[in-house]
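Visitor: final.txt is the file, holding compact mmCIF, C-alpha atoms:
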```txt
# COMPACT_ATOMS: atom_id res chain seq x y z
CA MET A 1 90.04 120.89 120.24
CA LEU A 2 87.20 121.22 117.72
CA ALA A 3 89.61 121.83 114.88
CA THR A 4 91.74 118.84 115.83
CA SER A 5 88.66 116.62 116.13
CA GLY A 6 87.47 117.75 112.71
CA VAL A 7 90.84 116.98 111.13
CA ASP A 8 90.82 113.52 112.71
CA LYS A 9 87.33 112.81 111.37
CA VAL A 10 88.25 113.96 107.87
CA SER A 11 91.43 111.88 107.89
CA ARG A 12 89.57 108.79 109.05
CA ALA A 13 86.90 109.25 106.38
CA GLU A 14 89.60 109.72 103.75
CA VAL A 15 91.29 106.49 104.82
CA TYR A 16 88.00 104.57 104.56
CA LEU A 17 87.32 106.15 101.16
CA TRP A 18 90.71 105.05 99.84
CA ARG A 19 90.12 101.53 101.12
CA VAL A 20 86.77 101.31 99.34
CA VAL A 21 88.18 102.78 96.12
CA LEU A 22 91.18 100.42 96.03
CA LEU A 23 89.05 97.37 96.84
CA GLY A 24 86.47 98.35 94.23
CA ALA A 25 89.16 98.92 91.60
CA PHE A 26 90.72 95.53 92.35
CA LEU A 27 87.37 93.73 92.06
CA ILE A 28 86.48 95.52 88.82
CA LEU A 29 89.86 94.67 87.31
CA TRP A 30 89.49 91.04 88.43
CA GLU A 31 86.00 90.78 86.93
CA ALA A 32 87.06 92.43 83.69
CA ALA A 33 90.14 90.21 83.36
CA THR A 34 88.10 87.02 83.63
CA ARG A 35 85.27 88.22 81.35
CA ARG A 36 87.64 89.35 78.62
CA GLY A 37 89.63 86.13 78.77
CA TRP A 38 92.86 87.66 80.07
CA VAL A 39 92.73 85.19 82.97
CA ASP A 40 91.03 81.79 83.00
CA PRO A 41 88.16 81.92 85.56
CA PHE A 42 88.60 78.18 86.14
CA PHE A 43 91.70 78.99 88.19
CA VAL A 44 90.75 82.30 89.87
CA SER A 45 86.92 82.33 89.65
CA GLN A 46 85.11 85.70 89.41
CA PRO A 47 84.00 88.25 92.04
CA THR A 48 80.35 87.99 90.94
CA VAL A 49 80.45 84.18 91.07
CA LEU A 50 82.11 84.29 94.51
CA ALA A 51 79.44 86.68 95.76
CA MET A 52 76.69 84.34 94.51
CA GLN A 53 78.42 81.33 96.12
CA ILE A 54 78.70 83.04 99.51
CA ALA A 55 75.13 84.33 99.26
CA ASP A 56 73.92 80.79 98.51
CA TRP A 57 75.86 79.42 101.50
CA ILE A 58 74.25 82.04 103.74
CA ARG A 59 70.76 81.46 102.30
CA THR A 60 70.92 77.71 102.84
CA GLY A 61 72.70 78.00 106.19
CA PHE A 62 75.49 75.73 104.95
CA ILE A 63 78.29 78.07 105.93
CA PHE A 64 77.14 78.74 109.49
CA ARG A 65 77.51 75.14 110.68
CA HIS A 66 81.08 74.92 109.46
CA LEU A 67 82.03 78.46 110.50
CA VAL A 68 80.78 77.87 114.05
CA VAL A 69 82.97 74.77 114.35
CA THR A 70 86.09 76.61 113.15
CA MET A 71 85.38 79.64 115.36
CA GLN A 72 84.86 77.39 118.37
CA GLU A 73 88.25 75.74 117.84
CA THR A 74 89.91 79.09 117.14
CA ILE A 75 88.48 80.97 120.12
CA ILE A 76 89.05 78.18 122.67
CA GLY A 77 92.64 77.65 121.51
CA PHE A 78 93.23 81.41 121.28
CA LEU A 79 92.04 82.03 124.83
CA LEU A 80 93.98 79.09 126.28
CA GLY A 81 97.14 80.03 124.37
CA THR A 82 96.81 83.65 125.48
CA LEU A 83 96.30 82.79 129.14
CA LEU A 84 99.23 80.37 129.13
CA GLY A 85 101.45 82.80 127.25
CA VAL A 86 100.72 85.69 129.61
CA ALA A 87 101.11 83.52 132.72
CA VAL A 88 104.41 81.95 131.66
CA GLY A 89 105.68 85.30 130.37
CA PHE A 90 105.01 86.87 133.78
CA LEU A 91 106.65 83.92 135.48
CA PHE A 92 109.82 84.15 133.40
CA ALA A 93 109.99 87.93 133.81
CA HIS A 94 109.61 87.61 137.60
CA TRP A 95 112.19 84.85 138.10
CA GLU A 96 115.28 85.68 136.08
CA LYS A 97 117.01 82.43 137.05
CA LEU A 98 114.11 80.42 135.66
CA ALA A 99 114.22 82.44 132.44
CA ARG A 100 117.95 81.83 132.00
CA ILE A 101 117.53 78.09 132.49
CA PHE A 102 114.62 77.59 130.12
CA ASP A 103 115.25 80.35 127.57
CA PRO A 104 117.15 78.06 125.10
CA LEU A 105 114.36 75.49 125.36
CA MET A 106 111.65 78.08 124.62
CA VAL A 107 113.60 79.36 121.63
CA ALA A 108 114.07 75.81 120.32
CA LEU A 109 110.39 74.95 120.76
CA ASN A 110 109.36 78.17 119.06
CA ALA A 111 111.59 77.32 116.09
CA MET A 112 109.84 73.98 115.67
CA PRO A 113 107.32 74.14 112.79
CA ARG A 114 104.08 73.29 114.61
CA VAL A 115 102.15 72.97 111.36
CA VAL A 116 104.31 69.94 110.55
CA LEU A 117 103.25 68.48 113.91
CA ALA A 118 99.56 68.69 113.01
CA PRO A 119 99.37 65.04 111.86
CA LEU A 120 100.90 63.98 115.19
CA PHE A 121 98.37 66.07 117.11
CA ILE A 122 95.60 64.32 115.20
CA LEU A 123 97.21 60.94 115.95
CA TRP A 124 97.57 61.76 119.67
CA PHE A 125 94.27 63.58 120.28
CA GLY A 126 91.97 62.25 117.56
CA LEU A 127 89.99 63.95 114.80
CA GLY A 128 87.75 65.93 117.15
CA LEU A 129 87.92 69.32 118.79
CA LEU A 130 90.89 68.62 121.08
CA SER A 131 93.51 68.13 118.35
CA LYS A 132 92.55 71.44 116.68
CA VAL A 133 92.60 73.31 120.00
CA VAL A 134 96.06 71.94 120.81
CA MET A 135 97.24 73.02 117.37
CA VAL A 136 95.93 76.54 117.94
CA VAL A 137 97.45 76.76 121.43
CA SER A 138 100.86 75.69 120.11
CA LEU A 139 100.81 78.56 117.60
CA VAL A 140 99.38 81.28 119.87
CA PHE A 141 101.32 80.52 123.05
CA PHE A 142 104.81 81.47 121.87
CA VAL A 143 103.72 84.74 120.23
CA VAL A 144 101.99 85.91 123.41
CA PHE A 145 104.71 84.51 125.69
CA PHE A 146 107.61 86.36 124.05
CA SER A 147 105.61 89.60 123.81
CA THR A 148 104.58 89.42 127.47
CA TYR A 149 108.09 88.52 128.60
CA THR A 150 109.59 91.39 126.61
CA GLY A 151 106.88 93.81 127.70
CA ILE A 152 107.43 93.11 131.41
CA ARG A 153 111.21 93.45 131.06
CA GLU A 154 110.79 96.78 129.26
CA VAL A 155 108.79 98.34 132.13
CA ASP A 156 110.48 101.49 133.45
CA ARG A 157 112.66 100.41 136.41
CA ASP A 158 112.20 103.82 138.08
CA LEU A 159 108.45 103.29 138.02
CA VAL A 160 108.83 99.87 139.62
CA ASN A 161 111.22 101.15 142.29
CA ASN A 162 108.95 104.08 143.14
CA ALA A 163 105.98 101.73 143.53
CA ARG A 164 108.01 99.54 145.89
CA ILE A 165 109.10 102.55 147.94
CA LEU A 166 105.44 103.54 148.29
CA GLY A 167 104.73 100.09 149.72
CA ALA A 168 103.10 98.33 146.76
CA SER A 169 102.57 94.64 147.37
CA PRO A 170 103.45 92.08 144.67
CA ARG A 171 99.76 91.82 143.77
CA HIS A 172 99.39 95.59 143.46
CA MET A 173 102.64 95.75 141.53
CA ILE A 174 101.31 93.32 138.93
CA ARG A 175 97.86 94.91 138.73
CA HIS A 176 98.79 98.61 138.72
CA VAL A 177 102.33 98.72 137.27
CA LEU A 178 103.48 95.66 135.35
CA LEU A 179 100.27 94.61 133.61
CA PRO A 180 99.23 98.11 132.41
CA SER A 181 102.75 98.78 131.14
CA ALA A 182 102.87 95.47 129.26
CA LEU A 183 99.36 95.74 127.77
CA THR A 184 100.62 97.44 124.61
CA TRP A 185 102.95 94.49 123.93
CA ILE A 186 100.28 91.94 124.84
CA PHE A 187 97.54 93.42 122.64
CA ALA A 188 99.96 93.77 119.73
CA SER A 189 100.72 90.07 120.04
CA LEU A 190 97.00 89.21 120.28
CA ARG A 191 96.23 90.88 116.96
CA THR A 192 99.03 88.85 115.38
CA SER A 193 97.96 85.66 117.15
CA VAL A 194 94.42 85.76 115.77
CA GLY A 195 95.69 84.90 112.30
CA PHE A 196 97.87 82.11 113.68
CA ALA A 197 94.94 80.75 115.68
CA LEU A 198 92.74 80.54 112.61
CA ILE A 199 95.56 78.97 110.61
CA GLY A 200 95.99 76.30 113.28
CA ALA A 201 92.29 75.44 113.32
CA VAL A 202 91.96 75.36 109.53
CA VAL A 203 95.12 73.29 109.04
CA GLY A 204 93.88 70.77 111.59
CA GLU A 205 90.52 70.54 109.80
CA TYR A 206 92.23 70.40 106.43
CA LEU A 207 94.26 67.34 107.45
CA GLY A 208 91.50 65.45 109.22
CA SER A 209 87.91 66.51 109.85
CA HIS A 210 84.38 66.10 108.56
CA GLU A 211 83.27 69.68 109.35
CA GLY A 212 84.67 73.17 109.63
CA MET A 213 85.98 75.68 107.11
CA GLY A 214 89.16 73.68 106.60
CA TYR A 215 87.01 70.74 105.53
CA VAL A 216 84.97 72.97 103.18
CA ILE A 217 88.12 74.32 101.53
CA SER A 218 89.71 70.87 101.33
CA TYR A 219 86.60 69.37 99.71
CA ALA A 220 86.37 72.22 97.17
CA GLU A 221 90.05 71.78 96.36
CA SER A 222 89.60 68.04 95.78
CA MET A 223 86.82 68.88 93.29
CA PHE A 224 89.03 71.46 91.51
CA ASN A 225 86.49 74.10 92.53
CA ALA A 226 88.37 77.39 92.72
CA THR A 227 85.17 79.24 93.60
CA GLY A 228 84.61 77.10 96.69
CA VAL A 229 88.21 77.50 97.83
CA LEU A 230 88.28 81.28 97.41
CA ALA A 231 84.80 81.72 98.90
CA GLY A 232 85.90 79.77 101.97
CA LEU A 233 89.01 81.92 102.28
CA LEU A 234 86.94 85.11 102.00
CA VAL A 235 84.65 83.94 104.79
CA LEU A 236 87.68 83.26 106.99
CA MET A 237 89.12 86.69 106.17
CA ALA A 238 85.85 88.34 107.19
CA ALA A 239 85.87 86.39 110.48
CA VAL A 240 89.45 87.50 111.27
CA ILE A 241 88.59 91.14 110.49
CA ALA A 242 85.62 90.97 112.87
CA ILE A 243 87.78 89.51 115.65
CA ASP A 244 90.51 92.08 115.02
CA ILE A 245 88.01 94.94 115.32
CA GLY A 246 86.89 93.50 118.64
CA LEU A 247 90.50 93.33 119.85
CA GLN A 248 91.12 96.93 118.81
CA ARG A 249 88.13 98.08 120.83
CA LEU A 250 89.25 95.98 123.77
CA ASP A 251 92.72 97.52 123.54
CA ALA A 252 91.20 101.00 123.51
CA ARG A 253 89.07 100.11 126.53
CA PHE A 254 92.01 98.96 128.65
CA SER A 255 94.48 101.54 127.31
CA TYR A 256 92.35 104.63 127.77
CA TRP A 257 95.16 106.24 129.76
CA LYS A 258 97.53 106.28 126.79
CA PRO A 259 97.80 109.54 124.80
CA VAL A 260 95.87 109.46 121.54
CA PRO A 261 98.22 109.82 118.53
CA LYS A 262 97.59 112.93 116.43
```
Can I see the file as structure tokens?
Guide:
Amino acid sequence: MLATSGVDKVSRAEVYLWRVVLLGAFLILWEAATRRGWVDPFFVSQPTVLAMQIADWIRTGFIFRHLVVTMQETIIGFLLGTLLGVAVGFLFAHWEKLARIFDPLMVALNAMPRVVLAPLFILWFGLGLLSKVVMVVSLVFFVVFFSTYTGIREVDRDLVNNARILGASPRHMIRHVLLPSALTWIFASLRTSVGFALIGAVVGEYLGSHEGMGYVISYAESMFNATGVLAGLLVLMAAVIAIDIGLQRLDARFSYWKPVPK
């Protein structure tokens, strides 16, 4: 056990080391390319300039007001889309007749480019929070729905039959058999959905808003300010990474019964 634990720790440290080395090499190459004139910094900015821009945003508090707005839209839409996706996925998996009737409709709706509908959402729900939340829900729902539906259908039938023979009620069946078995599918979809949720919020702000990270990026773009655009994107990337780390820990918390891969 001690030897295996030591190997795991060394491997994890090696992975982190490689990440730092590759990121550092990329930033150094980027900085050198712009300083030596290989690439025009007007179009791609510079790592040092980006760092100073983000530091100035943090020092003045400018970035927090806009980041809070975007995170509020993202999290509310993400939670609503997840709850709806899981609920409808369970419903379709439980009633096969319902799934057969509405399956073509769900596929057709999923194929519809929701980003193109963003202007309509703004027209229907206004420039405020609601239109961005609806945009996020429309992107998150289908990812979670199809993963939940597939995850429930992939549950071992022998396990389900044994639970029924032992007298499990429908509520116990969902809580102790179906939901734990489908959690792997659901959490995998959640990690994918986070990016879609942020895209939905930012696109909504980009098309019509006076605050939020989408507005910050749109304003910088209108001023031909590559530094502002890239700095805004870096802030969003950091936010997604933080949320993804939280989801990984949540997955580990609810999936403690799964064997740990060696």
Visitor: Around the point (98.2, 90.0, 121.4), in the coordinates given by the file, pick out the residues reaching within 10 Å, counting all atoms listed in the file, and return them as a ChimeraX atom specification.
Guide: /A:78,82,85-86,140,143-145,147-148,183-194,247,251
Visitor: Could you jot down the CA of Gly126 (chain A) to CA of Gly204 (chain A) separation for me, Å, one decimal place?
Guide: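 Those two atoms sit 10.6 Å apart.
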Visitor: Which is closest to Leu230 (chain A) among A:Val49, A:Val107, A:Leu80, A:Ala197, if we use all atoms listed in the file?
Guide: A:Val49
Visitor: Using all atoms of region 11-18 of chain A that appear in the file, construct an axis-aligned enclosing box with 5 Å of padding on every side and provide its centre coordinates and edge lengths in Å, rounded to one decimal, as JSON.
Guide:
```
{"center_x": 89.2, "center_y": 108.2, "center_z": 104.4, "size_x": 14.5, "size_y": 17.3, "size_z": 19.2}
```
Visitor: Quick one: everything within 12 Å of Ala231 (chain A), counting all atoms listed in the file, minus sequence neighbours fewer than 4 positions away in the same chain. Send it as a PyMOL selection string.
Guide: chain A and resi 44-58+63+213-214+216-217+220-221+225-227+235-238
Visitor: Could you name the residues that touch Val134 (chain A) at 12 Å or less, counting all atoms listed in the file, but leaving out those on the same chain fewer than 2 positions away, as number ranges by chain?
Guide: A: 73-81, 114-115, 117-122, 124-132, 136-141, 197, 200-201, 203-204
Visitor: Do you have the CA of Val68 (chain A)-CA of Ala239 (chain A) distance handy?
Guide: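 CA of Val68 (chain A) sits 10.5 Å away from CA of Ala239 (chain A).
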Visitor: What gap, in Å, lies between CA of Arg36 (chain A) and CA of Leu17 (chain A)?
Guide: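 CA of Leu17 (chain A) lies at a distance of 28.1 Å from CA of Arg36 (chain A).
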